[in-house]
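Enquirer: I have a structure I would like to understand better, so I am pasting it below and will then ask my questions one at a time.
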Amino acid sequence: MNMLDKQGQTLPYVIQRKPIKNTYFRIKSDHVLVTTNRFMPEKQIIAYLRQRFDALYHKLNQQPGHEPDDVITLWGERHGLSFVDQPVFRYVIADRQVIVHGRREDSDALKKAIYAKELEKRLNMLDADIRQTLDRHDIPTRAVKIKYLKSKFGSYHKRKQEITLNSYLARLKPVYLLYVVYHEYAHAVIFNHSPAFYTLLGRLMPDYKVWQKDLKLVAIP
């Protein structure tokens, strides 16, 4: 594992070379994983890491692997998490504190259940704005399923005409949920990543490039 230092802070990183075209920077539990091709100069990779050092360092130290059982991150903000040993799952949020019915030893499963509920609530709040945007582009709404996914933030099932959203999005700022929603709706029209796809995505969400770039740095545990 390699280390990059800046003002007393250390950013661990690993470079993996594969037969791919592009270079990807992903946050893992204890390092930044750089996946690239054999032609990409290491000096250029390090220059990018130095340029994005502060953002990468912050994201690395916000990963779930660094989050204790009594803390939960929702919509980009950290909350205290306390447990009430009751069998029926439910929770309340007040004053940056989440009180959940369940056992501390089940904290991982309880957090995922909270993510799913929070994502469902947020989607209901955003529903009118999303529908209005879709209507302007003559895109019909699709069934939406919420599930904890380990490899992607969302997907579109062409045969079922169904969108799946990763409940992990409830940990991030709400704008990332909007980006993934519009990304998958663009796939409902254009089932690839062609220039036409990105043109449509830009119409649905004009500033999508900002959120797309940041989301590529987030690793799902």
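Letters A, B, ... mark the chains of the structure tokens in the order given; residue numbers begin at 1 per chain; ligand numbers begin at 1, in order shown.
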With a distance cut-off of 9 Å and only C-alpha atoms, select the neighbouring residues of segment 137-139 of chain A, excluding the residue or stretch itself and same-chain residues fewer than 2 positions from it, and output the selection as a list of chain:residue names.
Expert: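 Neighbouring residues, sequence-local ones excluded: A:Arg131, A:Thr133, A:Leu134, A:Asp135, A:Thr141, A:Tyr185, A:Ala186, A:Ala188, A:Val189, A:Leu200, A:Arg203, A:Leu204.
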Enquirer: Could you pull the residues within 10 Å of Gln9 of chain A, counting only C-alpha atoms, minus those fewer than 4 positions along the same chain, as a VMD selection string?
Expert: chain A and resid 3 to 5 53 to 54 57
Enquirer: Can you write just those residues out, N, CA and C atoms, as a tab-separated table (two decimals), in the first residue's frame?
Expert:
chain	number	residue	atom	x	y	z
A	3	MET	N	1.48	5.52	0.34
A	3	MET	CA	1.01	6.60	1.21
A	3	MET	C	1.34	7.96	0.59
A	4	LEU	N	0.37	8.87	0.72
A	4	LEU	CA	0.57	10.24	0.27
A	4	LEU	C	0.35	11.14	1.49
A	5	ASP	N	1.31	12.01	1.79
A	5	ASP	CA	1.23	12.84	3.00
A	5	ASP	C	0.98	14.30	2.64
A	53	PHE	N	-6.75	15.73	-2.63
A	53	PHE	CA	-6.35	15.15	-1.34
A	53	PHE	C	-7.39	15.40	-0.25
A	54	ASP	N	-7.78	16.65	-0.05
A	54	ASP	CA	-8.68	16.99	1.05
A	54	ASP	C	-10.02	16.27	0.94
A	57	TYR	N	-9.47	12.45	1.45
A	57	TYR	CA	-9.17	12.18	2.87
A	57	TYR	C	-10.45	12.24	3.70
Enquirer: Using DSSP on the backbone coordinates, identify the residues of segment 75-203 of chain A assigned to alpha helix (DSSP H); present them as an MDAnalysis selection string.
Expert: chainID A and resid 107:136 174:189 195:203
Enquirer: Extract, using only C-alpha atoms, all DNA, RNA and protein residues at most 7 Å from segment 36-44 of chain A, discarding same-chain residues fewer than 2 positions from it, and format them as JSON, numbers by chain.
Expert: {"A": [16, 17, 18, 19, 20, 21, 22, 23, 24, 34, 46, 47, 48]}
Enquirer: I'd like the contact shell of segment 83-98 of chain A - 10 Å cut-off, only C-alpha atoms, skipping same-chain residues fewer than 4 positions apart - returned as a ChimeraX atom specification.
Expert: /A:69-74,77-79,102-107,110,113-114,117
Enquirer: Could you write out that same residue set with C-alpha atoms as a PDB file, in the first residue's frame?
Expert:
ATOM      1  CA  ASP A  69     -22.305   1.215  16.420  1.00  0.00           C
ATOM      2  CA  ASP A  70     -23.689   4.248  18.254  1.00  0.00           C
ATOM      3  CA  VAL A  71     -23.392   6.547  15.209  1.00  0.00           C
ATOM      4  CA  ILE A  72     -25.419   6.561  11.999  1.00  0.00           C
ATOM      5  CA  THR A  73     -25.024   8.820   8.958  1.00  0.00           C
ATOM      6  CA  LEU A  74     -28.231   9.955   7.252  1.00  0.00           C
ATOM      7  CA  GLU A  77     -25.127  14.199   8.541  1.00  0.00           C
ATOM      8  CA  ARG A  78     -23.934  12.111  11.479  1.00  0.00           C
ATOM      9  CA  HIS A  79     -26.441  11.239  14.214  1.00  0.00           C
ATOM     10  CA  GLY A 102     -33.502  -3.500  18.381  1.00  0.00           C
ATOM     11  CA  ARG A 103     -30.326  -4.944  19.869  1.00  0.00           C
ATOM     12  CA  ARG A 104     -26.923  -3.245  19.612  1.00  0.00           C
ATOM     13  CA  GLU A 105     -25.386  -6.476  18.270  1.00  0.00           C
ATOM     14  CA  ASP A 106     -27.733  -6.168  15.271  1.00  0.00           C
ATOM     15  CA  SER A 107     -26.636  -2.579  14.569  1.00  0.00           C
ATOM     16  CA  LEU A 110     -30.790  -2.091  11.888  1.00  0.00           C
ATOM     17  CA  ALA A 113     -33.367  -1.073   7.690  1.00  0.00           C
ATOM     18  CA  ILE A 114     -33.271   2.623   8.633  1.00  0.00           C
ATOM     19  CA  LYS A 117     -37.128   3.579   5.345  1.00  0.00           C
TER      20      LYS A 117
END
Enquirer: One decimal, in Å: what's the spacing between atom CA of Lys6 of chain A and atom CA of Leu215 of chain A?
Expert: 23.6 Å
Enquirer: Looking only at the backbone, which of the residues in segment 141-178 of chain A does DSSP tag as strand (DSSP E or B), as a VMD selection string?
Expert: chain A and resid 143 to 147 154 to 157 162 to 166
Enquirer: Could you write those residues out with N, CA and C atoms, as a short mmCIF file (atom, residue, chain, number, x, y, z; two decimals), in the first residue's frame?
Expert:
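Saved result, again_23.cif, follows:
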data_model
loop_
_atom_site.label_atom_id
_atom_site.label_comp_id
_atom_site.auth_asym_id
_atom_site.auth_seq_id
_atom_site.Cartn_x
_atom_site.Cartn_y
_atom_site.Cartn_z
N ALA A 143 -41.95 1.53 -11.84
CA ALA A 143 -41.95 0.98 -10.49
C ALA A 143 -40.54 1.11 -9.91
N VAL A 144 -40.45 1.44 -8.62
CA VAL A 144 -39.16 1.62 -7.97
C VAL A 144 -39.05 0.64 -6.80
N LYS A 145 -37.93 -0.06 -6.76
CA LYS A 145 -37.65 -1.00 -5.68
C LYS A 145 -36.43 -0.51 -4.91
N ILE A 146 -36.45 -0.65 -3.60
CA ILE A 146 -35.33 -0.24 -2.75
C ILE A 146 -34.65 -1.48 -2.19
N LYS A 147 -33.34 -1.52 -2.34
CA LYS A 147 -32.59 -2.70 -1.91
C LYS A 147 -31.15 -2.29 -1.60
N GLY A 154 -27.68 2.08 -8.35
CA GLY A 154 -29.00 1.91 -8.94
C GLY A 154 -28.91 1.08 -10.20
N SER A 155 -30.06 0.61 -10.66
CA SER A 155 -30.09 -0.16 -11.90
C SER A 155 -31.47 -0.05 -12.51
N TYR A 156 -31.54 -0.32 -13.82
CA TYR A 156 -32.83 -0.34 -14.52
C TYR A 156 -32.99 -1.70 -15.18
N HIS A 157 -34.09 -2.36 -14.86
CA HIS A 157 -34.39 -3.67 -15.44
C HIS A 157 -35.31 -3.45 -16.65
N GLU A 162 -38.38 -1.68 -14.42
CA GLU A 162 -38.33 -1.43 -12.98
C GLU A 162 -36.97 -0.84 -12.59
N ILE A 163 -37.01 0.17 -11.74
CA ILE A 163 -35.79 0.80 -11.23
C ILE A 163 -35.50 0.29 -9.83
N THR A 164 -34.25 -0.07 -9.57
CA THR A 164 -33.82 -0.45 -8.23
C THR A 164 -32.86 0.61 -7.72
N LEU A 165 -33.12 1.10 -6.52
CA LEU A 165 -32.26 2.10 -5.88
C LEU A 165 -31.60 1.50 -4.66
N ASN A 166 -30.33 1.81 -4.49
CA ASN A 166 -29.57 1.29 -3.35
C ASN A 166 -29.94 2.09 -2.10
#
Enquirer: Calculated over only C-alpha atoms, which of the candidates A:Ile220, A:Leu33, A:Ala128, A:Leu177 has the smallest distance to Leu56 of chain A?
Expert: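 For Leu56 of chain A, the nearest of the candidates is A:Leu33.
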Enquirer: Let me make sure I understand: among A:Tyr176, A:Tyr115, A:Trp75, A:Phe153, which one has the smallest atom-to-atom distance to Asp214 of chain A if we use only C-alpha atoms?
Expert: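 Smallest distance to Asp214 of chain A is found for A:Tyr176.
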Enquirer: Within 7 Å of Tyr179 of chain A, counting only C-alpha atoms, which residues qualify if same-chain residues fewer than 4 places away don't, as an MDAnalysis selection string?
Expert: chainID A and resid 175 183 208 211
Enquirer: Nearest to Val32 of chain A: which of A:Leu172, A:Met205, A:Ile99, A:Val14 is it, counting only C-alpha atoms?
Expert: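 So, comparing all the options, the nearest one is A:Val14.
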Enquirer: Would you mind reading off the distance between atom CA of Gly76 of chain A and atom CA of Asp127 of chain A, one decimal, in Å?
Expert: 20.4 Å
